[in-house]
Structure formats: C-alpha cells, structure tokens
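S.K.: Supplied structure: structure_31.cif, mmCIF, C-alpha atoms.
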```cif
data_my_file
loop_
_atom_site.group_PDB
_atom_site.id
_atom_site.type_symbol
_atom_site.label_atom_id
_atom_site.label_comp_id
_atom_site.auth_asym_id
_atom_site.auth_seq_id
_atom_site.Cartn_x
_atom_site.Cartn_y
_atom_site.Cartn_z
ATOM 1 C CA MET A 190 105.595 31.776 31.608
ATOM 2 C CA LEU A 191 106.856 34.542 33.849
ATOM 3 C CA CYS A 192 104.073 36.931 32.853
ATOM 4 C CA PHE A 193 101.379 34.647 34.229
ATOM 5 C CA LEU A 194 103.088 34.522 37.615
ATOM 6 C CA CYS A 195 103.377 38.304 37.522
ATOM 7 C CA CYS A 196 99.663 38.581 36.748
ATOM 8 C CA PHE A 197 98.949 36.469 39.799
ATOM 9 C CA PHE A 198 100.885 38.752 42.126
ATOM 10 C CA LEU A 199 99.437 41.882 40.540
ATOM 11 C CA ALA A 200 95.964 40.586 41.343
ATOM 12 C CA MET A 201 96.804 40.674 45.067
ATOM 13 C CA GLY A 202 96.762 43.617 47.461
ATOM 14 C CA GLU A 203 96.120 47.112 46.130
ATOM 15 C CA ALA A 204 96.181 45.850 42.537
ATOM 16 C CA ALA A 205 93.062 43.786 43.297
ATOM 17 C CA GLU A 206 91.026 46.833 42.334
ATOM 18 C CA ILE A 207 89.404 46.627 38.921
ATOM 19 C CA ASP A 208 88.733 49.363 36.397
ATOM 20 C CA VAL A 209 85.923 48.848 33.902
ATOM 21 C CA VAL A 210 86.173 49.696 30.196
ATOM 22 C CA ILE A 211 83.037 49.868 28.036
ATOM 23 C CA PRO A 212 83.403 50.584 24.292
ATOM 24 C CA VAL A 213 80.337 52.491 23.122
ATOM 25 C CA ALA A 214 78.718 53.246 19.760
ATOM 26 C CA ALA A 215 75.538 55.212 19.128
ATOM 27 C CA LYS A 216 73.468 52.015 19.017
ATOM 28 C CA ASP A 217 74.414 51.317 22.655
ATOM 29 C CA ALA A 218 72.909 54.505 24.109
ATOM 30 C CA LYS A 219 69.746 52.856 25.452
ATOM 31 C CA THR A 220 71.598 50.274 27.527
ATOM 32 C CA LEU A 221 74.751 52.159 28.531
ATOM 33 C CA ASP A 222 73.571 53.672 31.824
ATOM 34 C CA TYR A 223 71.980 50.373 32.848
ATOM 35 C CA CYS A 224 75.301 48.685 32.103
ATOM 36 C CA ILE A 225 77.262 51.184 34.209
ATOM 37 C CA GLU A 226 74.793 51.094 37.100
ATOM 38 C CA GLY A 227 74.703 47.297 37.053
ATOM 39 C CA ILE A 228 78.448 46.821 37.376
ATOM 40 C CA ARG A 229 78.877 49.583 39.965
ATOM 41 C CA ASN A 230 76.094 48.186 42.163
ATOM 42 C CA ASN A 231 77.072 44.544 41.907
ATOM 43 C CA CYS A 232 80.868 44.440 42.018
ATOM 44 C CA ASN A 233 82.609 45.911 45.056
ATOM 45 C CA GLN A 234 86.005 45.376 43.396
ATOM 46 C CA VAL A 235 85.321 48.125 40.835
ATOM 47 C CA ARG A 236 87.259 51.382 41.220
ATOM 48 C CA ARG A 237 86.698 53.459 38.059
ATOM 49 C CA VAL A 238 84.464 53.086 35.013
ATOM 50 C CA PHE A 239 85.538 54.353 31.571
ATOM 51 C CA ILE A 240 83.645 54.524 28.320
ATOM 52 C CA VAL A 241 85.605 54.537 25.065
ATOM 53 C CA SER A 242 83.770 56.249 22.229
ATOM 54 C CA ALA A 243 83.877 58.927 19.559
ATOM 55 C CA GLN A 244 81.797 61.232 21.771
ATOM 56 C CA PRO A 245 80.618 61.238 25.400
ATOM 57 C CA PHE A 246 77.302 59.406 25.721
ATOM 58 C CA THR A 247 76.854 59.680 29.492
ATOM 59 C CA ASP A 248 78.004 61.573 32.556
ATOM 60 C CA GLN A 249 77.965 58.383 34.655
ATOM 61 C CA ALA A 250 81.509 57.338 33.676
ATOM 62 C CA GLU A 251 84.845 58.812 32.592
ATOM 63 C CA TRP A 252 85.111 59.368 28.851
ATOM 64 C CA ILE A 253 88.127 58.264 26.786
ATOM 65 C CA ASP A 254 88.155 59.610 23.235
ATOM 66 C CA GLU A 255 88.830 56.985 20.576
ATOM 67 C CA THR A 256 91.427 59.321 19.071
ATOM 68 C CA ALA A 257 93.753 58.415 21.968
ATOM 69 C CA PHE A 258 94.299 54.962 20.440
ATOM 70 C CA PRO A 259 97.186 54.178 18.064
ATOM 71 C CA PHE A 260 94.822 53.390 15.169
ATOM 72 C CA SER A 261 91.630 54.918 13.821
ATOM 73 C CA LYS A 262 88.473 53.322 12.531
ATOM 74 C CA GLU A 263 89.488 54.493 9.063
ATOM 75 C CA GLU A 264 92.876 52.775 9.370
ATOM 76 C CA VAL A 265 91.219 49.554 10.493
ATOM 77 C CA ALA A 266 88.822 49.817 7.534
ATOM 78 C CA ALA A 267 91.722 50.335 5.113
ATOM 79 C CA CYS A 268 93.547 47.341 6.581
ATOM 80 C CA LEU A 269 90.493 45.099 6.190
ATOM 81 C CA GLN A 270 89.945 46.339 2.633
ATOM 82 C CA THR A 271 93.293 44.850 1.633
ATOM 83 C CA LEU A 272 91.624 41.466 2.283
ATOM 84 C CA VAL A 273 88.302 42.196 0.583
ATOM 85 C CA PRO A 274 87.932 45.441 -1.385
ATOM 86 C CA GLY A 275 84.963 47.689 -0.707
ATOM 87 C CA LYS A 276 83.092 48.917 2.329
ATOM 88 C CA ASN A 277 82.757 46.352 5.103
ATOM 89 C CA PRO A 278 79.619 46.697 7.292
ATOM 90 C CA ARG A 279 81.472 44.871 10.096
ATOM 91 C CA THR A 280 84.391 47.299 10.338
ATOM 92 C CA GLY A 281 83.048 48.837 13.551
ATOM 93 C CA TRP A 282 82.750 45.391 15.098
ATOM 94 C CA TYR A 283 86.433 44.594 14.480
ATOM 95 C CA TYR A 284 87.416 48.103 15.569
ATOM 96 C CA GLN A 285 85.730 47.822 18.976
ATOM 97 C CA GLN A 286 87.541 44.530 19.610
ATOM 98 C CA LEU A 287 90.850 46.322 19.168
ATOM 99 C CA LEU A 288 89.739 49.163 21.455
ATOM 100 C CA LYS A 289 89.143 46.569 24.179
ATOM 101 C CA LEU A 290 92.524 44.932 23.712
ATOM 102 C CA TYR A 291 94.455 48.216 23.700
ATOM 103 C CA ALA A 292 92.660 50.016 26.554
ATOM 104 C CA ALA A 293 95.205 48.810 29.126
ATOM 105 C CA PHE A 294 97.972 50.628 27.242
ATOM 106 C CA VAL A 295 96.100 53.816 26.356
ATOM 107 C CA ILE A 296 94.096 54.942 29.398
ATOM 108 C CA PRO A 297 96.278 56.851 31.888
ATOM 109 C CA GLU A 298 96.620 55.333 35.382
ATOM 110 C CA ILE A 299 94.250 52.482 34.626
ATOM 111 C CA SER A 300 94.370 49.437 36.916
ATOM 112 C CA ASP A 301 96.374 46.371 35.936
ATOM 113 C CA ASN A 302 93.040 44.505 36.145
ATOM 114 C CA ILE A 303 90.644 45.709 33.449
ATOM 115 C CA LEU A 304 87.121 44.396 33.161
ATOM 116 C CA VAL A 305 86.004 44.892 29.568
ATOM 117 C CA LEU A 306 82.246 44.963 29.410
ATOM 118 C CA ASP A 307 79.947 45.046 26.389
ATOM 119 C CA ALA A 308 77.655 48.070 26.611
ATOM 120 C CA ASP A 309 74.510 45.941 26.302
ATOM 121 C CA THR A 310 75.441 43.658 29.224
ATOM 122 C CA ILE A 311 73.805 44.359 32.582
ATOM 123 C CA PHE A 312 74.731 42.757 35.902
ATOM 124 C CA LEU A 313 71.843 42.163 38.293
ATOM 125 C CA ASN A 314 73.408 40.207 41.157
ATOM 126 C CA PRO A 315 76.684 40.487 43.127
ATOM 127 C CA VAL A 316 79.740 39.199 41.284
ATOM 128 C CA SER A 317 83.525 39.043 41.703
ATOM 129 C CA PHE A 318 86.206 38.888 39.039
ATOM 130 C CA LEU A 319 89.154 38.171 41.343
ATOM 131 C CA SER A 320 89.039 35.375 43.892
ATOM 132 C CA SER A 321 90.157 35.703 47.516
ATOM 133 C CA LYS A 322 93.356 33.919 46.443
ATOM 134 C CA GLY A 323 94.015 36.458 43.705
ATOM 135 C CA LYS A 324 92.991 34.298 40.760
ATOM 136 C CA ALA A 325 91.293 35.952 37.784
ATOM 137 C CA LEU A 326 87.787 34.517 37.323
ATOM 138 C CA TYR A 327 86.235 33.711 33.948
ATOM 139 C CA ASN A 328 82.703 32.781 33.022
ATOM 140 C CA PRO A 329 82.627 30.672 29.847
ATOM 141 C CA GLY A 330 80.013 30.526 27.136
ATOM 142 C CA SER A 331 79.127 27.756 24.736
ATOM 143 C CA GLU A 332 79.703 29.370 21.334
ATOM 144 C CA ASP A 333 81.796 27.303 18.906
ATOM 145 C CA HIS A 334 82.581 29.327 15.788
ATOM 146 C CA ALA A 335 85.389 27.772 13.750
ATOM 147 C CA PRO A 336 86.645 31.004 12.057
ATOM 148 C CA TYR A 337 87.491 32.454 15.481
ATOM 149 C CA PHE A 338 89.863 29.608 16.249
ATOM 150 C CA GLN A 339 91.357 29.650 12.757
ATOM 151 C CA HIS A 340 92.128 33.331 13.290
ATOM 152 C CA CYS A 341 93.724 32.631 16.690
ATOM 153 C CA THR A 342 95.948 29.931 15.183
ATOM 154 C CA LYS A 343 97.254 32.369 12.559
ATOM 155 C CA LEU A 344 98.244 34.779 15.331
ATOM 156 C CA LEU A 345 99.636 32.153 17.713
ATOM 157 C CA PRO A 346 100.959 29.040 15.956
ATOM 158 C CA HIS A 347 100.860 26.998 19.187
ATOM 159 C CA PHE A 348 97.293 28.053 19.948
ATOM 160 C CA ARG A 349 94.991 25.382 21.359
ATOM 161 C CA LYS A 350 91.377 25.597 22.472
ATOM 162 C CA ALA A 351 91.519 25.275 26.246
ATOM 163 C CA PHE A 352 88.190 23.530 26.918
ATOM 164 C CA PRO A 353 86.182 21.362 24.509
ATOM 165 C CA GLY A 354 82.626 22.616 24.488
ATOM 166 C CA LEU A 355 83.396 25.918 26.232
ATOM 167 C CA SER A 356 83.916 29.363 24.761
ATOM 168 C CA GLY A 357 85.458 32.584 26.013
ATOM 169 C CA ILE A 358 82.505 34.577 24.713
ATOM 170 C CA SER A 359 80.152 35.707 27.449
ATOM 171 C CA HIS A 360 80.064 39.471 26.746
ATOM 172 C CA HIS A 361 82.668 40.534 29.315
ATOM 173 C CA MET A 362 86.239 39.607 30.206
ATOM 174 C CA LEU A 363 88.863 40.462 32.784
ATOM 175 C CA PHE A 364 92.057 41.509 30.991
ATOM 176 C CA GLN A 365 95.324 41.824 32.910
ATOM 177 C CA ARG A 366 98.043 44.101 31.654
ATOM 178 C CA MET A 367 101.025 41.738 31.812
ATOM 179 C CA CYS A 368 99.106 38.938 30.127
ATOM 180 C CA LEU A 369 98.136 41.349 27.369
ATOM 181 C CA GLU A 370 101.769 42.408 27.035
ATOM 182 C CA GLU A 371 102.811 38.776 26.630
ATOM 183 C CA LEU A 372 100.032 38.142 24.104
ATOM 184 C CA PHE A 373 100.999 41.198 22.048
ATOM 185 C CA GLN A 374 104.670 40.238 22.161
ATOM 186 C CA GLN A 375 104.045 36.702 20.958
ATOM 187 C CA VAL A 376 101.730 37.811 18.150
ATOM 188 C CA GLU A 377 104.082 40.572 16.982
ATOM 189 C CA GLN A 378 107.105 38.276 17.095
ATOM 190 C CA HIS A 379 105.285 35.647 15.023
ATOM 191 C CA THR A 380 103.699 37.995 12.478
ATOM 192 C CA GLN A 381 106.419 40.669 12.363
ATOM 193 C CA MET A 382 103.856 43.465 12.472
ATOM 194 C CA GLU A 383 101.983 45.609 14.969
ATOM 195 C CA PHE A 384 99.385 43.658 16.907
ATOM 196 C CA TRP A 385 96.377 45.561 15.577
ATOM 197 C CA ARG A 386 97.493 45.091 11.976
ATOM 198 C CA ALA A 387 98.159 41.413 12.565
ATOM 199 C CA PHE A 388 94.705 41.046 14.137
ATOM 200 C CA CYS A 389 93.066 42.549 11.040
ATOM 201 C CA LEU A 390 95.192 40.995 8.309
ATOM 202 C CA ASN A 391 94.849 37.446 9.620
ATOM 203 C CA VAL A 392 91.058 37.356 9.384
ATOM 204 C CA ASP A 393 89.992 34.827 6.742
ATOM 205 C CA PRO A 394 88.606 36.863 3.820
ATOM 206 C CA ALA A 395 85.750 34.359 3.497
ATOM 207 C CA SER A 396 84.615 35.260 7.036
ATOM 208 C CA LEU A 397 85.484 38.964 6.997
ATOM 209 C CA ARG A 398 81.980 40.321 6.377
ATOM 210 C CA ALA A 399 80.469 37.968 8.934
ATOM 211 C CA SER A 400 82.362 37.046 12.110
ATOM 212 C CA GLY A 401 86.015 36.368 11.476
ATOM 213 C CA ALA A 402 87.745 37.133 14.777
ATOM 214 C CA SER A 403 87.071 37.255 18.507
ATOM 215 C CA GLU A 404 89.176 39.149 21.022
ATOM 216 C CA TYR A 405 87.488 37.207 23.843
ATOM 217 C CA GLU A 406 88.334 33.790 22.397
ATOM 218 C CA LEU A 407 91.915 34.888 21.742
ATOM 219 C CA TYR A 408 92.585 36.144 25.263
ATOM 220 C CA PHE A 409 90.559 33.478 27.107
ATOM 221 C CA ASN A 410 92.317 30.550 25.492
ATOM 222 C CA PHE A 411 95.689 32.286 25.753
ATOM 223 C CA VAL A 412 95.517 32.773 29.525
ATOM 224 C CA PHE A 413 94.153 29.287 30.114
ATOM 225 C CA SER A 414 97.102 27.791 28.243
ATOM 226 C CA THR A 415 98.994 28.337 31.524
ATOM 227 C CA PRO A 416 96.135 28.264 34.022
ATOM 228 C CA HIS A 417 97.978 28.810 37.308
ATOM 229 C CA HIS A 418 96.498 32.236 38.016
ATOM 230 C CA VAL A 419 93.092 31.858 36.345
ATOM 231 C CA GLU A 420 89.974 29.919 37.212
ATOM 232 C CA LEU A 421 86.638 29.060 35.650
ATOM 233 C CA ARG A 422 83.484 29.952 37.523
ATOM 234 C CA PHE A 423 80.019 29.664 36.093
ATOM 235 C CA LEU A 424 77.558 32.548 36.221
ATOM 236 C CA ARG A 425 73.940 32.337 35.177
ATOM 237 C CA TRP A 426 73.166 34.586 32.225
ATOM 238 C CA ALA A 427 71.031 34.866 29.118
ATOM 239 C CA ASN A 428 70.699 36.832 25.916
ATOM 240 C CA LYS A 429 67.593 39.015 25.900
ATOM 241 C CA PRO A 430 65.833 41.288 23.374
ATOM 242 C CA ALA A 431 67.032 44.818 22.707
ATOM 243 C CA ILE A 432 65.736 47.345 25.236
ATOM 244 C CA ARG A 433 63.299 49.776 23.608
ATOM 245 C CA SER A 434 61.950 51.658 26.643
ATOM 246 C CA LYS A 435 62.354 52.114 30.402
ATOM 247 C CA GLU A 436 59.294 49.992 31.043
ATOM 248 C CA MET A 437 60.679 47.190 28.928
ATOM 249 C CA ALA A 438 63.963 47.415 30.827
ATOM 250 C CA LYS A 439 62.218 47.135 34.187
ATOM 251 C CA GLN A 440 60.250 44.121 33.000
ATOM 252 C CA LEU A 441 63.359 42.376 31.652
ATOM 253 C CA PHE A 442 65.250 43.002 34.894
ATOM 254 C CA ARG A 443 62.405 41.705 37.064
ATOM 255 C CA GLU A 444 62.091 38.548 34.968
ATOM 256 C CA ALA A 445 65.830 37.956 34.974
ATOM 257 C CA ILE A 446 66.084 38.336 38.751
ATOM 258 C CA ARG A 447 63.187 35.902 39.209
ATOM 259 C CA GLU A 448 65.061 33.461 36.958
ATOM 260 C CA GLY A 449 68.134 33.797 39.185
ATOM 261 C CA LEU A 450 70.313 35.277 36.439
ATOM 262 C CA ASP A 451 73.514 37.081 37.368
ATOM 263 C CA TYR A 452 73.452 39.175 34.210
ATOM 264 C CA ILE A 453 71.741 39.620 30.877
ATOM 265 C CA SER A 454 72.884 40.855 27.482
ATOM 266 C CA CYS A 455 70.291 42.862 25.552
ATOM 267 C CA HIS A 456 71.863 42.957 22.120
ATOM 268 C CA GLN A 457 71.568 46.105 20.033
ATOM 269 C CA TYR A 458 72.554 44.933 16.558
#
```
As a first step, turn the structure in this file into structure tokens.
M.R.:
Amino acid sequence: MLCFLCCFFLAMGEAAEIDVVIPVAAKDAKTLDYCIEGIRNNCNQVRRVFIVSAQPFTDQAEWIDETAFPFSKEEVAACLQTLVPGKNPRTGWYYQQLLKLYAAFVIPEISDNILVLDADTIFLNPVSFLSSKGKALYNPGSEDHAPYFQHCTKLLPHFRKAFPGLSGISHHMLFQRMCLEELFQQVEQHTQMEFWRAFCLNVDPASLRASGASEYELYFNFVFSTPHHVELRFLRWANKPAIRSKEMAKQLFREAIREGLDYISCHQY
C-alpha cells in the first residue's frame, strides 16, 4: 500500500525525530516521572514528551488535556453500555487505548513518528525506535489473547495475525501518522462509522468487562501485513511489582540493570 511507502520516507531525515505520548490516570502518578526520565535519558531520537490526562500530573512533560479529543470518557462509556448495560469498570482502559490511537491527529505539531508509552513502563538502557535505514522498530511480546484478535477481525475483515507465537503487546509502540490514517480509513470504510465508535462497538460483549480489545495488537499486526518499512527487534524486558516508594524504585532499577533488562513495566492496576 502507498501509505506504508510514505511511512518509510517520513521516517528518514528530519522526520526521524520521535515525540512521546503517555496517557496518564491518577493511578500512574508514582511511576510517571520515572517513565519520562527513562525515555528521555535512553532514547536520543526523542524530541518532545507529552502526557495526555484530565489534569497535569507533572511538570516534566507537556500536558495535553483529554478534552482536546473528539470523544469523552462519558461518550465511550455510553457506547460500551449499548453492548452491556450498566457501569463498566474497564471503561477507562478502553478510553486510554483510544487516546493513544488518536494522539497523532489531536496534538498540534506532533511528529509523524509517535512513541506511545504506558505510564508504568521505564526504560533503563539505550534504545532506538527507528533504524539507520529508516525502518520502524517493534519489540514483540508473547501474549496470546483470543478476544483481541476476534476484535481486530471485526474491524478489518482481511486481518491476519502476523507472527505465530508473537504479540504486539509490550507496553509501548511506535505509531506513524500515515499508517494510522490508512488504518482509520480501512476500519471506517468497512464499519461505516467513526473509528472510535467502531472500536468500541465491535468488542465482544462476553469480553467487555475483562479484556476485549487491544490497540497494540491492532496496529502491530496491521503494519506487519505489509512489512517493507517495519522490522522486529527483540528487547529484554520484564513485568515487575507496582512501585510503592522511592527506595523500592531504586531497588527494582538496580536489579533490572543487573539482569540486563532494557526496560521494566511496574503495573499499577
């Protein structure tokens, strides 16, 4: 597809700079500054760092108010309630996935290369997200959750999982604007509705209150369906306990560096 060739050329030259987007909720406050510091210190391709949230949680990054997006958390909740009536404790989880996918189209003057980073994910060693040849680099995980792929197939009828045994879920992802535009166009053409509504309304009701969709799986497998400008590379990483104090953080970081890990994710559920 033309868009994938365009993404390749956009990744060259001045466009090789990356802007970072971190969606943030109150539960992420203890890891946020570690997350920002980690990516700034360990990726020399980073230009600007944005947090997307209902309120500013730090002065270490530029704040983008959630109200700038073309949907609200309440609208997402109402959309999901058409599938399963009543309050859904996972509404915020689906909402932040949409914030990630739409950031490229909402944040003024953002780079065409957008590294979306979970707020509990902390880089500890040098890393690149664009190769010297301009290819976008992706670190796979191993998660294999069937409802994610069922959801993707509803959005993209020709969807196929790119790699048996590999997942797009590793708590960060490089999004590129033209690839997102192509993804949105294909989903909207197939579903005949706005992308964010299609994303919500095609979650299987049986999986809605658990884990019924993944923005990372959707984008990862989409871009690897035409893999000319993308490439797998394997980083060393691990899930770690939630950070409760500065001393705990220091201990976790020391242990992770001794283990040779490139990054850790300290999940705040």
S.K.: Got a sec: who's within 12 Å of segment 343-345 of chain A, counting all atoms listed in the file, leaving out chain neighbours fewer than 6 positions off, as a ChimeraX atom specification?
M.R.: /A:336-337,371-393,401-404,407-408,410-411,414
S.K.: Could you check how far atom CA of Leu290 of chain A sits from atom CA of Arg398 of chain A, in Å to one decimal?
M.R.: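 Atom-to-atom, atom CA of Leu290 of chain A to atom CA of Arg398 of chain A, that is 20.8 Å.
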S.K.: Selected by the PyMOL selection byres ((chain A and resi 300) around 8) in the shown coordinates: which residues, as a compact mmCIF listing (two decimals) with C-alpha atoms, keeping the file's coordinate frame?
M.R.:
```
# COMPACT_ATOMS: atom_id res chain seq x y z
CA ALA A 204 96.18 45.85 42.54
CA GLU A 206 91.03 46.83 42.33
CA ILE A 207 89.40 46.63 38.92
CA ASP A 208 88.73 49.36 36.40
CA ALA A 293 95.20 48.81 29.13
CA GLU A 298 96.62 55.33 35.38
CA ILE A 299 94.25 52.48 34.63
CA ASP A 301 96.37 46.37 35.94
CA ASN A 302 93.04 44.50 36.15
CA ILE A 303 90.64 45.71 33.45
```
S.K.: Between A:Gln234, A:Gln365, A:Ser434, A:Thr271, which residue has the minimum interatomic distance to Ser320 of chain A, considering all atoms listed in the file?
M.R.: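 Selected residue with least distance to Ser320 of chain A: A:Gln234.
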S.K.: Work out how far apart atom CA of His456 of chain A and atom CA of Val213 of chain A are and give it in Å to one decimal.
M.R.: 12.8 Å
S.K.: Interatomic distance between atom CA of Ser356 of chain A and atom CA of Asp333 of chain A?
M.R.: 6.6 Å
S.K.: Given the file shown, enumerate the residues that the PyMOL selection byres ((chain A and resi 258) around 8) captures and present them as a ChimeraX atom specification.
M.R.: /A:255-257,259-261,288,291,295
S.K.: If I put a ball of radius 12 Å at (86.7, 51.3, 6.3) in the file's coordinates, which residues poke into it when counting only C-alpha atoms, written as a ChimeraX atom specification?
M.R.: /A:261-284,389,398
S.K.: Name the closest residue to Ile311 of chain A among the candidates A:Lys439, A:Glu448, A:Ile228, A:Ala205; distances are taken between atoms, counting only C-alpha atoms.
M.R.: A:Ile228
S.K.: A:Ala214, A:Ile358, A:Cys455, A:Leu450: which is nearest Arg433 of chain A, counting all atoms listed in the file?
M.R.: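 Once distances to Arg433 of chain A are computed over all atoms listed in the file, the minimum belongs to A:Cys455.
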S.K.: Could you list, as a PDB file with C-alpha atoms, in the frame of the given file, every residue matched by the PyMOL selection byres ((chain A and resi 211) around 10) in this structure?
M.R.:
```
ATOM      1  CA  VAL A 209      85.923  48.848  33.902  1.00  0.00           C
ATOM      2  CA  VAL A 210      86.173  49.696  30.196  1.00  0.00           C
ATOM      3  CA  PRO A 212      83.403  50.584  24.292  1.00  0.00           C
ATOM      4  CA  VAL A 213      80.337  52.491  23.122  1.00  0.00           C
ATOM      5  CA  ALA A 214      78.718  53.246  19.760  1.00  0.00           C
ATOM      6  CA  LEU A 221      74.751  52.159  28.531  1.00  0.00           C
ATOM      7  CA  CYS A 224      75.301  48.685  32.103  1.00  0.00           C
ATOM      8  CA  ILE A 225      77.262  51.184  34.209  1.00  0.00           C
ATOM      9  CA  VAL A 238      84.464  53.086  35.013  1.00  0.00           C
ATOM     10  CA  PHE A 239      85.538  54.353  31.571  1.00  0.00           C
ATOM     11  CA  ILE A 240      83.645  54.524  28.320  1.00  0.00           C
ATOM     12  CA  VAL A 241      85.605  54.537  25.065  1.00  0.00           C
ATOM     13  CA  SER A 242      83.770  56.249  22.229  1.00  0.00           C
ATOM     14  CA  ALA A 250      81.509  57.338  33.676  1.00  0.00           C
ATOM     15  CA  TRP A 252      85.111  59.368  28.851  1.00  0.00           C
ATOM     16  CA  ILE A 253      88.127  58.264  26.786  1.00  0.00           C
ATOM     17  CA  GLN A 285      85.730  47.822  18.976  1.00  0.00           C
ATOM     18  CA  LEU A 288      89.739  49.163  21.455  1.00  0.00           C
ATOM     19  CA  LYS A 289      89.143  46.569  24.179  1.00  0.00           C
ATOM     20  CA  ALA A 292      92.660  50.016  26.554  1.00  0.00           C
ATOM     21  CA  LEU A 304      87.121  44.396  33.161  1.00  0.00           C
ATOM     22  CA  VAL A 305      86.004  44.892  29.568  1.00  0.00           C
ATOM     23  CA  LEU A 306      82.246  44.963  29.410  1.00  0.00           C
ATOM     24  CA  ASP A 307      79.947  45.046  26.389  1.00  0.00           C
ATOM     25  CA  ALA A 308      77.655  48.070  26.611  1.00  0.00           C
ATOM     26  CA  ASP A 309      74.510  45.941  26.302  1.00  0.00           C
ATOM     27  CA  THR A 310      75.441  43.658  29.224  1.00  0.00           C
ATOM     28  CA  HIS A 361      82.668  40.534  29.315  1.00  0.00           C
TER      29      HIS A 361
END
```
S.K.: Phe423 of chain A: which residues within 8 Å, counting all atoms listed in the file, same-chain residues fewer than 2 positions away excluded, as a list in words?
M.R.: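 With the cut-off at 8 Å, the set is Tyr327, Asn328, Pro329, Leu421 and Arg425 of chain A.
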S.K.: If I wrap all listed atoms of segment 452-457 of chain A in a box with edges along x, y and z and add 5 Å on each side, what are its centre and edge lengths in Å to one decimal, as lines of an AutoDock Vina configuration file?
M.R.:
```
center_x = 71.9
center_y = 42.6
center_z = 27.1
size_x = 13.2
size_y = 16.9
size_z = 24.2
```
S.K.: Could you name the residues that touch Asn314 of chain A at 8 Å or less, counting all atoms listed in the file, but leaving out those on the same chain fewer than 4 positions away, as number ranges by chain?
M.R.: A: 231, 446, 450-452
S.K.: Which is closest to Glu251 of chain A among A:Cys232, A:Gln286, A:Ile296, A:Tyr405, if we use only C-alpha atoms?
M.R.: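 Among the listed residues, the smallest separation from Glu251 of chain A belongs to A:Ile296.
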S.K.: Skip Gly330 of chain A itself and residues of its chain fewer than 4 positions away, then list as a PyMOL selection string all residues within 10 Å of it, counting all atoms listed in the file.
M.R.: chain A and resi 354-360+423-424+426
S.K.: Have a look at A:Asn230, A:Phe246, A:Asp254, A:Leu313 and name the one nearest to Ala218 of chain A; count only C-alpha atoms.
M.R.: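 Going through A:Asn230, A:Phe246, A:Asp254, A:Leu313 one by one, the smallest distance to Ala218 of chain A is for A:Phe246.
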S.K.: Given the point (96.4, 34.2, 39.5) in the coordinates of this file, which residues lie within 6 Å, counting all atoms listed in the file, and how would they look as a VMD selection string?
M.R.: chain A and resid 197 323 to 325 418 to 419
S.K.: Can you take the partial segment 358-369 of chain A, add N, CA and C atoms, and return it as a PDB file, in the coordinates of the input?
M.R.:
```
ATOM      1  N   ILE A 358      83.441  33.493  25.042  1.00  0.00           N
ATOM      2  CA  ILE A 358      82.505  34.577  24.713  1.00  0.00           C
ATOM      3  C   ILE A 358      81.316  34.559  25.665  1.00  0.00           C
ATOM      4  N   SER A 359      81.317  35.521  26.577  1.00  0.00           N
ATOM      5  CA  SER A 359      80.152  35.707  27.449  1.00  0.00           C
ATOM      6  C   SER A 359      79.938  37.189  27.741  1.00  0.00           C
ATOM      7  N   HIS A 360      80.381  38.040  26.794  1.00  0.00           N
ATOM      8  CA  HIS A 360      80.064  39.471  26.746  1.00  0.00           C
ATOM      9  C   HIS A 360      80.774  40.323  27.800  1.00  0.00           C
ATOM     10  N   HIS A 361      81.791  39.764  28.433  1.00  0.00           N
ATOM     11  CA  HIS A 361      82.668  40.534  29.315  1.00  0.00           C
ATOM     12  C   HIS A 361      83.940  39.711  29.501  1.00  0.00           C
ATOM     13  N   MET A 362      85.007  40.349  29.938  1.00  0.00           N
ATOM     14  CA  MET A 362      86.239  39.607  30.206  1.00  0.00           C
ATOM     15  C   MET A 362      87.184  40.450  31.044  1.00  0.00           C
ATOM     16  N   LEU A 363      87.821  39.805  32.010  1.00  0.00           N
ATOM     17  CA  LEU A 363      88.863  40.462  32.784  1.00  0.00           C
ATOM     18  C   LEU A 363      90.185  40.326  32.039  1.00  0.00           C
ATOM     19  N   PHE A 364      90.737  41.462  31.596  1.00  0.00           N
ATOM     20  CA  PHE A 364      92.057  41.509  30.991  1.00  0.00           C
ATOM     21  C   PHE A 364      93.057  41.953  32.056  1.00  0.00           C
ATOM     22  N   GLN A 365      94.265  41.401  32.002  1.00  0.00           N
ATOM     23  CA  GLN A 365      95.324  41.824  32.910  1.00  0.00           C
ATOM     24  C   GLN A 365      96.519  42.275  32.081  1.00  0.00           C
ATOM     25  N   ARG A 366      97.070  43.406  32.490  1.00  0.00           N
ATOM     26  CA  ARG A 366      98.043  44.101  31.654  1.00  0.00           C
ATOM     27  C   ARG A 366      99.221  43.214  31.232  1.00  0.00           C
ATOM     28  N   MET A 367      99.836  42.507  32.167  1.00  0.00           N
ATOM     29  CA  MET A 367     101.025  41.738  31.812  1.00  0.00           C
ATOM     30  C   MET A 367     100.702  40.564  30.900  1.00  0.00           C
ATOM     31  N   CYS A 368      99.518  40.011  31.040  1.00  0.00           N
ATOM     32  CA  CYS A 368      99.106  38.938  30.127  1.00  0.00           C
ATOM     33  C   CYS A 368      98.877  39.497  28.730  1.00  0.00           C
ATOM     34  N   LEU A 369      98.295  40.697  28.663  1.00  0.00           N
ATOM     35  CA  LEU A 369      98.136  41.349  27.369  1.00  0.00           C
ATOM     36  C   LEU A 369      99.495  41.655  26.742  1.00  0.00           C
TER      37      LEU A 369
END
```
